[in-house]
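This report concerns only the one structure given below.
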Amino acid sequence: MAFEPRLVGFLCNWCSYAGADLAGVSRFQYPSNIRVIRVMCSGRIDPVLIIEALIQGADGVLIGGCHPGDCHYVNGNLQASYKIGLTEKILGLAGIDPQRVRLEWVSASEGQRFADLVRDFTGVLQKLGPSNAKDKMDGLTAIRKALSDFRLRALVSNELKIVEEGNVYGDKLAKEKLLDIVYHATKEEFERSMILLLAKNNNVSVKDLSKRMNVPADRVLGHIVVLRQKNLLSMDHPEGFTPTYKTIEVGGEQ
Amino acid sequence: MAEKNETKDKPRIGVFVCHCGSNIGGFVDVPSVAEYAKTLPDVVYATDNLYTCADDGLTAIREGIRKHNLNRVIVASCTPRTHAPLFQATCESAGLNKYLFTFVNIREHCSWVHMKEKDKATRKARDLIRMGVARARLLEAQEEAKVDVAATGLVIGGGVSGMTAALSLADMGFPVHLVEKEGELGGFVKNLNNLYVTEKSATETIKPLIEKVKAHKNIKLHLNSTMKSVEGFIGNYNVVIGTKGEEDTKAKIGTIIVATGALEFVPEGLYGYNQYPNVVTLTEFEILCKKKTLPKLKNVAFVQCVGSRGQNKSYCSRICCNVGIKNAINIVDNYENMLGLMEKAGTVVEKIPVEQKVPDEILDRRRRRRGRERGEEGEAEEAKLGPSEKIEVTVFNRDVMAYGVEHELTYNKSREKRVKFVRYTPEHLPRVYMEGNQLTVGYFHETLKLERTMPVDMVILATPLVAQPDAGELSQMLKVPLGQEGFFLEAHVKLRPVDFATDGIYVCGTCRGPSDITECVTQAAAAASRAAIPLSKGYVLAEAIASEVNTDLCVGCGICATLCPYSAITVERGPKGMKAVVIKAACKGCGACGAGCPEKAMTMLHYTDEQLIVEGLAGIKEVVL
């Protein structure tokens with residue numbers, strides 16, 4: 001029997017959900033794999049929601065919004081495009097194929113397009129096979145943490161504004177340049193979350209971490225300095241002179 | 001009736017699965033789905049109905065709530081986009097808060113799109129209901145807060161639309177501020193000569209309107225004024241009106257009507273405009289007529305659709321066919337009246353040698369032919385035609401769209417008056433050039449398939465109405481959208497033509513697209529009555545699906561305020577320091593602030609992270625958390 005992917009769709013009420021309704025009214029047939037969750041706007045989709053769905057076993061996540069310029073809430077769809085862009089980047093870092101997350105614009109009049117889209121996405125997921133989330137749970141958990149923390153959220157929330165209106169100094173950044181910065185920050189935050197995760201239960205050394213994360217030791221040490229400054233890691237010298245580190249539990253979280 | 005809002009109680013969920021005749025029942029095993037629903041956590045009652053939206057279906061919901069003491073209701077049937085209000089009202093009538101109702105779409109999203117896979121469709125329907133149950137368990141009752149409305153209107157623009165809207169509101173008893181950029185009222189129409197259908201002078205037509213506006217005790221008129229700032233939300237706008245040479249006026253406003261009008265497209269570089277004398281736009285022609293400074297004419301050419309319909313502008317300006325026909329008839333009928341003594345008036349339009357000789361025998365032949373065409377009666381009428389007979393009017397057009405009840409008749413009248421209509425196609429546009437000293441129109445005759453030329457004394461270009469250049473500024477100030485062509489964009493092209501998506505702001509007249517005066521007045525009256533609803537009610541119900549700040553988590557960074565497309569969030573100093581504050585009446589519930597808050601301090605009521613996560617999980621696994 002062919003693999004039946006589990007596909008979760010977050011559709012905005014005004015365009016994509018209505019497009020899916022029109023597919024129904026027009027009797028356009030498509031694979032039954034998708035489970036739709038209605039939200040008011042694609043801008044509502046917090047990247048954490050996407051990661052949660054993948055952690056829980058979704059093979060793919062579709063986010064549907066209005067076409068640029070058509071958003072019922074002015075620019076929620078553009079905000080979504082930045083958030084989903086970030087999500088795709090960080091998924092790649094953790095070894096999850098970014099093709100499993102897809103942001104698409106479907107208008108209320110595009111019933112055919114919605115049906116085609118679901119058929120296409122289901123086909124792509126069938127080709128990719130079952131999600132490898134189970135094997136990448138550490139990575140996904142680290143992603144969830146990185147996407148829940150201030151730095152990336154603040155950065156991605158400001159992206160649209162910085163590209164369109166400039167920062168507080170009036171500098172406008174080219175989108176590519178900004179995406180570079182976001183990628184850099186994303187990678188750092190992902191690796192730091194990973195360190196906190198791996199050092200959660202046992203004391204680990206820089207060498208251990210470097211090996212397990214496949215990240216150069218000097219880079220790991222750099223992260224450890226930052227995490228120590230934020231008082232998120234404790235240091236220990238149990239044997240000889242090799243220091244080891246352990247995550248400090250904060251406020252019941254984790 | 002006291003509503004059952006004790007959501008802290010253990011959920012008691014009732015599930016109503018609809019057959020929708022055979023629309024769902026034919027492709028999904030509905031009874032088995034209802035049976036399955038009974039096995040889900042907190043579901044105390046589940047049933048299937050032939051038509052849940054019919055009277056007996058609605059009664060079943062009310063009965064279910066009463067008999068089984070339900071505090072959550074799920075209907076699995078069609079789309080919430082059409083039927084949610086009906087079922088919500090049913091729940092409310094049985095004392096259940098409408099936000100405790102959950103809609104599951106098993107028709108548009110299931111039975112109709114998986115018609116050949118009954119097993120899979122049935123499995124999906126089960127999954128969708130499980131998702132609904134997971135969501136329903138976490139729902140909370142919501143209240144729609146009442147927000148007071150300042151009972152004062154603001155109308156921006158003192159043209160026909162703005163004046164009509166202001167008068168309507170003022171006549172209903174509401175104080176109105178009317179803001180006009182220029183030094184006098186009247187807008188675009190004050191340039192015009194006469195108005196079609198009535199043939200009455202434009203000035204005379206709008207004079208009573210202007211007088212009424214000036215005299216009305218409820219209207220505060222601000223001439224030479226523009227909007228300096230608008231802040232706030234429906235019912236509570238704080239606006240600043242700047243007037244040249246005077247102090248700014250500050251006012252508290254309930255609702256706003258935008259009626260800023262439009263301009264005529266200037267056809268720079270087209271058809272010899274600004275290059276040859278006597279090539280004018282329709283409006284310039286009307287000004288010449290109005291001032292009685294029209295030069296002596298014998299051959300007049302109108303060119304329709306200049307710069308519109310896929311040339312400089314994509315759209316059809318709608319009114320120019322009728323305006324062109326009106327002026328063509330004017331020229332034929334009232335030429336003597338419009339003719340001025342140019343030398344006296346000192347007009348810039350150059351005098352053109354018009355006394356071209358047409359051999360008498362040709363003229364005679366034409367007269368005889370026309371006489372024959374008209375029959376004897378016509379011949380008698382012919383004799384009565386005075387000097388106008390000497391004028392030849394040709395309208396170069398792509399198609400004549402004399403829409404409306406009377407305009408086709410006007411068009412026919414113009415044909416009877418010997419106005420010639422010559423069709424051109426976008427592939428063969430007419431050309432305007434000078435042949436020696438003679439202004440000439442060259443065109444391709446579509447019937448004869450021949451290039452022809454026509455010496456003329458004046459070319460009148462019908463150009464489209466275009467958006468005001470400062471519309472963008474106002475759109476940003478009011479946070480309402482513009483369409484692609486720079487006109488204001490209404491909330492819904494068919495169902496909400498004078499509303500903006502933002503509550504409390506309305507639009508009418510040519511600032512939302514080309515319209516004639518009749519339509520402008522209609523729209524203005526409509527906009528005024530829409531704007532009067534909150535004013536007369538005195539309050540608005542705020543959206544319950546709004547965001548909520550957790551002040552313990554909020555660090556006052558203000559990112560949410562920049563994300564909000566409706567300026568519904570401000571950052572204010574409170575007892576706990578700088579914190580985000582949500583203006584519930586302005587919030588539209590998109591949730592962008594929640595998804596972007598760096599501290600996750602923003603909760604979207606009715607679409608919380610938790611609710612969305614459990615709904616997703618229930619869709620992936622056979623689990624209800």
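Residues are named by chain letter and number: chains run A, B, ... in the order of the structure tokens, numbers start at 1 in each chain, and ligands are numbered from 1 in the order shown.
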Polymer residues at most 12 Å from Arg228 of chain A, only C-alpha atoms, same-chain spacing of 6 or more positions, as a list in words: Arg192, Ile195, Leu196, Leu221, Gly222, Ser234, Met235, Tyr245, Lys246, Thr247 and Ile248 of chain A
May I have the residues from that selection written out with N, CA, C and O atoms, as a compact mmCIF listing (two decimals), in the first residue's frame?
```txt
# COMPACT_ATOMS: atom_id res chain seq x y z
N ARG A 192 22.93 26.77 20.29
CA ARG A 192 22.87 27.01 21.75
C ARG A 192 21.75 26.19 22.38
O ARG A 192 21.92 25.60 23.46
N ILE A 195 22.93 22.71 22.70
CA ILE A 195 23.85 22.52 23.83
C ILE A 195 23.07 22.38 25.13
O ILE A 195 23.30 21.47 25.92
N LEU A 196 22.09 23.28 25.32
CA LEU A 196 21.29 23.24 26.56
C LEU A 196 20.55 21.91 26.67
O LEU A 196 20.38 21.37 27.76
N LEU A 221 32.66 26.36 22.17
CA LEU A 221 33.17 27.11 23.32
C LEU A 221 32.60 28.54 23.33
O LEU A 221 32.20 29.06 24.37
N GLY A 222 32.54 29.12 22.14
CA GLY A 222 31.94 30.47 22.01
C GLY A 222 30.52 30.49 22.55
O GLY A 222 30.14 31.38 23.32
N SER A 234 25.97 25.58 34.09
CA SER A 234 26.88 25.54 35.24
C SER A 234 28.14 24.79 34.82
O SER A 234 28.10 23.97 33.91
N MET A 235 29.27 25.11 35.48
CA MET A 235 30.52 24.46 35.10
C MET A 235 31.00 23.59 36.24
O MET A 235 30.81 23.91 37.40
N TYR A 245 29.95 20.81 31.58
CA TYR A 245 28.87 21.79 31.76
C TYR A 245 27.53 21.09 31.93
O TYR A 245 27.29 20.02 31.39
N LYS A 246 26.65 21.76 32.66
CA LYS A 246 25.31 21.21 32.83
C LYS A 246 24.30 22.35 32.77
O LYS A 246 24.58 23.47 33.23
N THR A 247 23.17 22.08 32.18
CA THR A 247 22.14 23.11 32.02
C THR A 247 21.52 23.45 33.36
O THR A 247 21.23 22.56 34.16
N ILE A 248 21.38 24.75 33.59
CA ILE A 248 20.68 25.19 34.81
C ILE A 248 19.20 25.26 34.49
O ILE A 248 18.79 25.91 33.53
```
May I have a table of the residues of segment 113-184 of chain B lying at most 12 Å from segment 6-26 of chain A, giving each one's closest pair of atoms and their distance in Å to one decimal, counting only C-alpha atoms, ordered by chain and ascending residue number, as CSV?
```
residue,atom,partner,partner_atom,distance
B:Val113,CA,A:Gly24,CA,5.4
B:His114,CA,A:Gly24,CA,9.1
B:Met115,CA,A:Gly24,CA,10.1
B:Lys124,CA,A:Arg6,CA,11.1
B:Asp127,CA,A:Arg6,CA,11.4
B:Leu128,CA,A:Val8,CA,11.2
B:Met131,CA,A:Val8,CA,11.3
```
Just the selected residues (C-alpha atoms), exported as a CSV table (one decimal), in the first residue's frame, please.
```
chain,number,residue,atom,x,y,z
B,113,VAL,CA,-13.8,16.4,-2.4
B,114,HIS,CA,-13.5,12.7,-1.7
B,115,MET,CA,-16.6,11.5,-3.5
B,124,LYS,CA,-11.3,11.9,7.6
B,127,ASP,CA,-10.5,12.8,12.3
B,128,LEU,CA,-12.0,16.2,11.7
B,131,MET,CA,-10.0,17.7,16.1
```
Using only C-alpha atoms, which protein or nucleic acid residues come within 8 Å of segment 133-138 of chain A? Drop anything in the same chain fewer than 6 positions from it, and give the result as a PyMOL selection string. chain A and resi 54-55+57+94-96+194+197
For the residues in that selection, give me N, CA, C and O atoms as a tab-separated table (two decimals), in the first residue's frame.
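Below is the file that was written, part.tsv:
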```
chain	number	residue	atom	x	y	z
A	54	LEU	N	5.15	18.95	13.55
A	54	LEU	CA	6.16	18.00	13.06
A	54	LEU	C	6.60	17.06	14.18
A	54	LEU	O	6.77	15.86	13.97
A	55	ILE	N	6.76	17.61	15.40
A	55	ILE	CA	7.15	16.78	16.54
A	55	ILE	C	6.09	15.71	16.79
A	55	ILE	O	6.39	14.56	17.06
A	57	GLY	N	4.24	14.31	14.71
A	57	GLY	CA	4.19	13.25	13.71
A	57	GLY	C	3.61	13.64	12.37
A	57	GLY	O	3.37	12.79	11.52
A	94	ALA	N	18.41	21.23	11.38
A	94	ALA	CA	18.19	20.06	12.23
A	94	ALA	C	18.03	18.78	11.41
A	94	ALA	O	17.71	17.73	11.95
A	95	GLY	N	18.24	18.89	10.10
A	95	GLY	CA	18.17	17.69	9.27
A	95	GLY	C	16.76	17.28	8.89
A	95	GLY	O	16.50	16.12	8.55
A	96	ILE	N	15.81	18.19	8.98
A	96	ILE	CA	14.44	17.92	8.51
A	96	ILE	C	14.30	18.61	7.16
A	96	ILE	O	14.66	19.78	7.01
A	194	MET	N	20.64	23.46	21.30
A	194	MET	CA	21.10	22.07	21.24
A	194	MET	C	22.03	21.77	22.42
A	194	MET	O	21.90	20.72	23.06
A	197	LEU	N	20.13	21.40	25.52
A	197	LEU	CA	19.40	20.14	25.51
A	197	LEU	C	20.32	18.96	25.87
A	197	LEU	O	19.99	18.11	26.70
```
So that I can see what lies close to segment 48-60 of chain B, please list as a list in words the residues with an atom at most 6 Å from it, counting only C-alpha atoms and leaving out residues fewer than 5 positions away in the same chain. Phe16, Val17, Cys18, His19, Cys20 and Gly21 of chain B
Prev. selection, C-alpha atoms, output as a PDB file, in the first residue's frame:
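Below is the file that was written, selection_39.pdb:
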```pdb
ATOM      1  CA  PHE B  16     -24.440  16.846  15.778  1.00  0.00           C
ATOM      2  CA  VAL B  17     -23.365  15.166  12.565  1.00  0.00           C
ATOM      3  CA  CYS B  18     -25.272  16.275   9.492  1.00  0.00           C
ATOM      4  CA  HIS B  19     -26.193  14.149   6.463  1.00  0.00           C
ATOM      5  CA  CYS B  20     -27.002  17.282   4.469  1.00  0.00           C
ATOM      6  CA  GLY B  21     -29.411  15.065   2.541  1.00  0.00           C
TER       7      GLY B  21
END
```
Of A:Glu104, A:Asp149, A:Asp116, A:Glu159, the one nearest to Lys172 of chain A when counting only C-alpha atoms is A:Glu159
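Residues of segment 36-86 of chain A carrying a DSSP assignment of helix (DSSP H, G or I), computed from the backbone, are Ser42, Gly43, Arg44, Pro47, Val48, Leu49, Ile50, Ile51, Glu52, Ala53, Leu54, Ile55, Gln56, Gly76, Asn77, Leu78, Gln79, Ala80, Ser81, Tyr82, Lys83, Ile84, Gly85 and Leu86 of chain A.
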Between atom CA of Ile162 of chain A and atom CA of Gly76 of chain A - distance in Å to one decimal: 15.8 Å
Polymer residues at most 8 Å from segment 578-588 of chain B, only C-alpha atoms, same-chain spacing of 3 or more positions, as an MDAnalysis selection string: (chainID A and resid 73) or (chainID B and resid 145 147 232:234 503 540:549 551 554:556 558 560:561 566:574)
For the selection you just gave me, I'd like the residues written to a file as a short mmCIF file (atom, residue, chain, number, x, y, z; two decimals), in the first residue's frame, keeping N, CA, C and O atoms.
```cif
data_model
loop_
_atom_site.label_atom_id
_atom_site.label_comp_id
_atom_site.auth_asym_id
_atom_site.auth_seq_id
_atom_site.Cartn_x
_atom_site.Cartn_y
_atom_site.Cartn_z
N TYR A 73 -6.16 41.26 6.60
CA TYR A 73 -5.59 42.04 7.71
C TYR A 73 -4.38 42.84 7.22
O TYR A 73 -3.35 42.88 7.88
N ALA B 145 -17.25 43.24 24.36
CA ALA B 145 -17.32 44.43 25.20
C ALA B 145 -17.98 45.58 24.46
O ALA B 145 -17.86 45.72 23.26
N VAL B 147 -18.21 49.46 23.58
CA VAL B 147 -17.33 50.63 23.56
C VAL B 147 -18.16 51.84 23.11
O VAL B 147 -18.87 51.76 22.11
N GLY B 232 -6.73 56.58 16.76
CA GLY B 232 -7.84 55.99 17.49
C GLY B 232 -8.52 54.91 16.70
O GLY B 232 -7.93 54.30 15.81
N PHE B 233 -9.79 54.70 17.00
CA PHE B 233 -10.52 53.58 16.41
C PHE B 233 -11.99 53.94 16.39
O PHE B 233 -12.36 55.02 16.90
N ILE B 234 -12.81 53.06 15.84
CA ILE B 234 -14.23 53.35 15.67
C ILE B 234 -14.84 53.92 16.95
O ILE B 234 -14.65 53.40 18.04
N ASP B 503 -13.45 49.01 10.62
CA ASP B 503 -14.73 49.53 11.09
C ASP B 503 -14.64 51.03 11.34
O ASP B 503 -13.62 51.53 11.80
N VAL B 540 -20.35 50.40 20.13
CA VAL B 540 -20.07 49.27 19.25
C VAL B 540 -19.66 48.09 20.12
O VAL B 540 -19.13 48.26 21.22
N LEU B 541 -19.93 46.90 19.60
CA LEU B 541 -19.49 45.71 20.31
C LEU B 541 -18.09 45.36 19.79
O LEU B 541 -17.88 45.21 18.59
N ALA B 542 -17.16 45.27 20.71
CA ALA B 542 -15.79 44.96 20.31
C ALA B 542 -15.68 43.48 19.97
O ALA B 542 -16.38 42.64 20.54
N GLU B 543 -14.82 43.19 19.03
CA GLU B 543 -14.54 41.81 18.62
C GLU B 543 -14.10 41.01 19.85
O GLU B 543 -13.21 41.45 20.58
N ALA B 544 -14.73 39.86 20.06
CA ALA B 544 -14.30 39.05 21.21
C ALA B 544 -13.06 38.26 20.85
O ALA B 544 -12.26 37.91 21.71
N ILE B 545 -12.91 37.96 19.55
CA ILE B 545 -11.70 37.27 19.12
C ILE B 545 -10.62 38.34 19.00
O ILE B 545 -10.40 38.90 17.94
N ALA B 546 -10.03 38.65 20.12
CA ALA B 546 -9.04 39.72 20.14
C ALA B 546 -7.82 39.22 20.90
O ALA B 546 -7.84 38.15 21.49
N SER B 547 -6.76 39.99 20.86
CA SER B 547 -5.58 39.55 21.58
C SER B 547 -5.59 40.08 23.00
O SER B 547 -6.27 41.07 23.31
N GLU B 548 -4.85 39.41 23.85
CA GLU B 548 -4.85 39.75 25.26
C GLU B 548 -3.40 39.71 25.74
O GLU B 548 -2.66 38.80 25.38
N VAL B 549 -3.02 40.71 26.54
CA VAL B 549 -1.62 40.79 26.98
C VAL B 549 -1.47 40.14 28.36
O VAL B 549 -2.26 40.41 29.26
N THR B 551 0.55 40.66 31.25
CA THR B 551 1.46 41.74 31.68
C THR B 551 2.63 41.20 32.50
O THR B 551 3.62 41.91 32.69
N CYS B 554 5.00 40.38 29.42
CA CYS B 554 5.30 41.48 28.50
C CYS B 554 6.47 42.31 29.02
O CYS B 554 6.55 42.64 30.19
N VAL B 555 7.41 42.59 28.09
CA VAL B 555 8.56 43.43 28.49
C VAL B 555 8.45 44.83 27.88
O VAL B 555 9.36 45.64 27.99
N GLY B 556 7.34 45.10 27.22
CA GLY B 556 7.12 46.44 26.68
C GLY B 556 8.00 46.79 25.49
O GLY B 556 8.28 47.95 25.24
N GLY B 558 7.31 46.59 22.38
CA GLY B 558 6.54 47.33 21.38
C GLY B 558 6.52 46.69 20.01
O GLY B 558 5.98 47.27 19.06
N CYS B 560 4.82 44.16 19.03
CA CYS B 560 3.43 43.87 18.68
C CYS B 560 2.76 45.10 18.10
O CYS B 560 1.98 45.01 17.15
N ALA B 561 3.09 46.27 18.66
CA ALA B 561 2.47 47.51 18.17
C ALA B 561 2.86 47.78 16.72
O ALA B 561 2.04 48.26 15.94
N TYR B 566 -3.73 47.54 12.52
CA TYR B 566 -4.86 48.43 12.86
C TYR B 566 -4.53 49.42 13.96
O TYR B 566 -5.43 50.05 14.51
N SER B 567 -3.24 49.52 14.32
CA SER B 567 -2.85 50.39 15.43
C SER B 567 -3.68 50.09 16.67
O SER B 567 -4.07 51.00 17.39
N ALA B 568 -3.99 48.82 16.87
CA ALA B 568 -4.84 48.46 18.00
C ALA B 568 -4.03 48.21 19.26
O ALA B 568 -4.59 47.88 20.31
N ILE B 569 -2.70 48.33 19.16
CA ILE B 569 -1.86 48.09 20.34
C ILE B 569 -1.02 49.32 20.60
O ILE B 569 -0.43 49.89 19.68
N THR B 570 -0.99 49.74 21.84
CA THR B 570 -0.09 50.83 22.22
C THR B 570 0.77 50.31 23.37
O THR B 570 0.43 49.31 24.00
N VAL B 571 1.88 50.98 23.62
CA VAL B 571 2.69 50.62 24.78
C VAL B 571 2.57 51.76 25.78
O VAL B 571 2.84 52.91 25.44
N GLU B 572 2.07 51.42 26.96
CA GLU B 572 1.82 52.48 27.93
C GLU B 572 2.43 52.13 29.29
O GLU B 572 2.59 50.96 29.62
N ARG B 573 2.74 53.17 30.03
CA ARG B 573 3.29 52.93 31.37
C ARG B 573 2.15 52.62 32.32
O ARG B 573 1.16 53.33 32.38
N GLY B 574 2.30 51.51 33.01
CA GLY B 574 1.26 51.12 33.97
C GLY B 574 1.93 50.79 35.29
O GLY B 574 3.12 51.07 35.48
#
```
Looking at B:Gln88, B:Thr102, B:Asn412, B:Asn327, which one is nearest to chain A, with distances taken over only C-alpha atoms?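 The answer is B:Thr102, which sits nearest to chain A.
Candidate residues B:Lys10, B:Lys200, B:Arg107, B:Lys220 were compared for distance to Leu139 of chain B, and the nearest is B:Lys10, using only C-alpha atoms.
In this comparison, which uses only C-alpha atoms, the residue of B:Gly186, B:Gly254, B:Gly25, B:Gly616 approaching chain A most closely is B:Gly616.
Atom pair atom CA of Ala115 of chain A / atom CA of Ile84 of chain A has a distance of 21.7 Å (rounded to one decimal).
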For a quick check of understanding, using only C-alpha atoms, which of A:Ile90, A:Val204, A:Val225, A:Leu147 has the smallest distance to chain B? A:Leu147
What is the atom CA of Ala151 of chain B to atom CA of Leu535 of chain B distance in Å?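 Here the two named atoms are 4.8 Å from each other.
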Write down as a ChimeraX atom specification the residues of segment 25-236 of chain A whose backbone DSSP state falls under strand (DSSP E or B). /A:34-39,60-65,101-105,204,233-236
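Nearest residue to chain A among B:Ala37, B:Leu282, B:Ala525, B:Leu489 is B:Leu489, counting only C-alpha atoms.
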Surrounding residues of Leu339 of chain B excluding itself and chain neighbours under 6 positions, 10 Å, only C-alpha atoms, as a ChimeraX atom specification: /B:288-297,331
Considering only C-alpha atoms, return as a list in words whatever protein or nucleic-acid residues lie within 10 Å of Ala121 of chain B, sequence-local ones (same chain, fewer than 6 positions apart) excluded. Pro31, Ser32 and Asn33 of chain A; Ile24, Phe27, Val28, Asp29, Ile106, Arg107, His109, Cys110, Ser111, Trp112, Val113, His114, Met115 and Asp127 of chain B
Okay, now the selection with N, CA and C atoms, as a PDB file, in the first residue's frame?
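Output contents, as saved in out.pdb:
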```pdb
ATOM      1  N   PRO A  31      -6.580  14.286  -2.816  1.00  0.00           N
ATOM      2  CA  PRO A  31      -6.310  13.245  -1.817  1.00  0.00           C
ATOM      3  C   PRO A  31      -6.816  13.633  -0.434  1.00  0.00           C
ATOM      4  N   SER A  32      -7.223  12.639   0.324  1.00  0.00           N
ATOM      5  CA  SER A  32      -7.880  12.924   1.606  1.00  0.00           C
ATOM      6  C   SER A  32      -6.897  13.074   2.749  1.00  0.00           C
ATOM      7  N   ASN A  33      -5.628  13.253   2.451  1.00  0.00           N
ATOM      8  CA  ASN A  33      -4.625  13.260   3.518  1.00  0.00           C
ATOM      9  C   ASN A  33      -4.624  14.514   4.384  1.00  0.00           C
TER      10      ASN A  33
ATOM     11  N   ILE B  24     -23.568  14.882   2.291  1.00  0.00           N
ATOM     12  CA  ILE B  24     -22.539  14.266   3.135  1.00  0.00           C
ATOM     13  C   ILE B  24     -22.847  12.771   3.256  1.00  0.00           C
ATOM     14  N   PHE B  27     -21.599  10.132   0.785  1.00  0.00           N
ATOM     15  CA  PHE B  27     -20.172   9.852   0.595  1.00  0.00           C
ATOM     16  C   PHE B  27     -19.424   9.564   1.884  1.00  0.00           C
ATOM     17  N   VAL B  28     -20.117   9.750   3.007  1.00  0.00           N
ATOM     18  CA  VAL B  28     -19.519   9.490   4.319  1.00  0.00           C
ATOM     19  C   VAL B  28     -20.519   8.656   5.108  1.00  0.00           C
ATOM     20  N   ASP B  29     -20.041   7.659   5.825  1.00  0.00           N
ATOM     21  CA  ASP B  29     -20.935   6.837   6.651  1.00  0.00           C
ATOM     22  C   ASP B  29     -21.268   7.631   7.920  1.00  0.00           C
ATOM     23  N   ILE B 106     -17.339  18.944   7.252  1.00  0.00           N
ATOM     24  CA  ILE B 106     -17.170  17.621   6.624  1.00  0.00           C
ATOM     25  C   ILE B 106     -17.857  17.562   5.261  1.00  0.00           C
ATOM     26  N   ARG B 107     -18.272  18.733   4.752  1.00  0.00           N
ATOM     27  CA  ARG B 107     -18.885  18.729   3.422  1.00  0.00           C
ATOM     28  C   ARG B 107     -17.889  19.308   2.399  1.00  0.00           C
ATOM     29  N   HIS B 109     -14.932  20.329   2.801  1.00  0.00           N
ATOM     30  CA  HIS B 109     -13.563  19.865   2.979  1.00  0.00           C
ATOM     31  C   HIS B 109     -13.463  18.343   3.025  1.00  0.00           C
ATOM     32  N   CYS B 110     -14.590  17.645   2.855  1.00  0.00           N
ATOM     33  CA  CYS B 110     -14.505  16.181   2.967  1.00  0.00           C
ATOM     34  C   CYS B 110     -15.409  15.473   1.944  1.00  0.00           C
ATOM     35  N   SER B 111     -16.716  15.427   2.207  1.00  0.00           N
ATOM     36  CA  SER B 111     -17.559  14.569   1.359  1.00  0.00           C
ATOM     37  C   SER B 111     -17.535  15.026  -0.109  1.00  0.00           C
ATOM     38  N   TRP B 112     -17.484  16.316  -0.346  1.00  0.00           N
ATOM     39  CA  TRP B 112     -17.545  16.806  -1.724  1.00  0.00           C
ATOM     40  C   TRP B 112     -16.214  16.679  -2.467  1.00  0.00           C
ATOM     41  N   VAL B 113     -15.136  16.505  -1.727  1.00  0.00           N
ATOM     42  CA  VAL B 113     -13.840  16.433  -2.416  1.00  0.00           C
ATOM     43  C   VAL B 113     -13.244  15.025  -2.390  1.00  0.00           C
ATOM     44  N   HIS B 114     -13.930  14.100  -1.719  1.00  0.00           N
ATOM     45  CA  HIS B 114     -13.463  12.700  -1.733  1.00  0.00           C
ATOM     46  C   HIS B 114     -14.650  11.806  -2.092  1.00  0.00           C
ATOM     47  N   MET B 115     -15.321  12.137  -3.182  1.00  0.00           N
ATOM     48  CA  MET B 115     -16.590  11.481  -3.504  1.00  0.00           C
ATOM     49  C   MET B 115     -16.419  10.037  -3.937  1.00  0.00           C
ATOM     50  N   ASP B 127     -11.688  11.978  11.899  1.00  0.00           N
ATOM     51  CA  ASP B 127     -10.537  12.755  12.346  1.00  0.00           C
ATOM     52  C   ASP B 127     -10.912  14.215  12.583  1.00  0.00           C
TER      53      ASP B 127
END
```
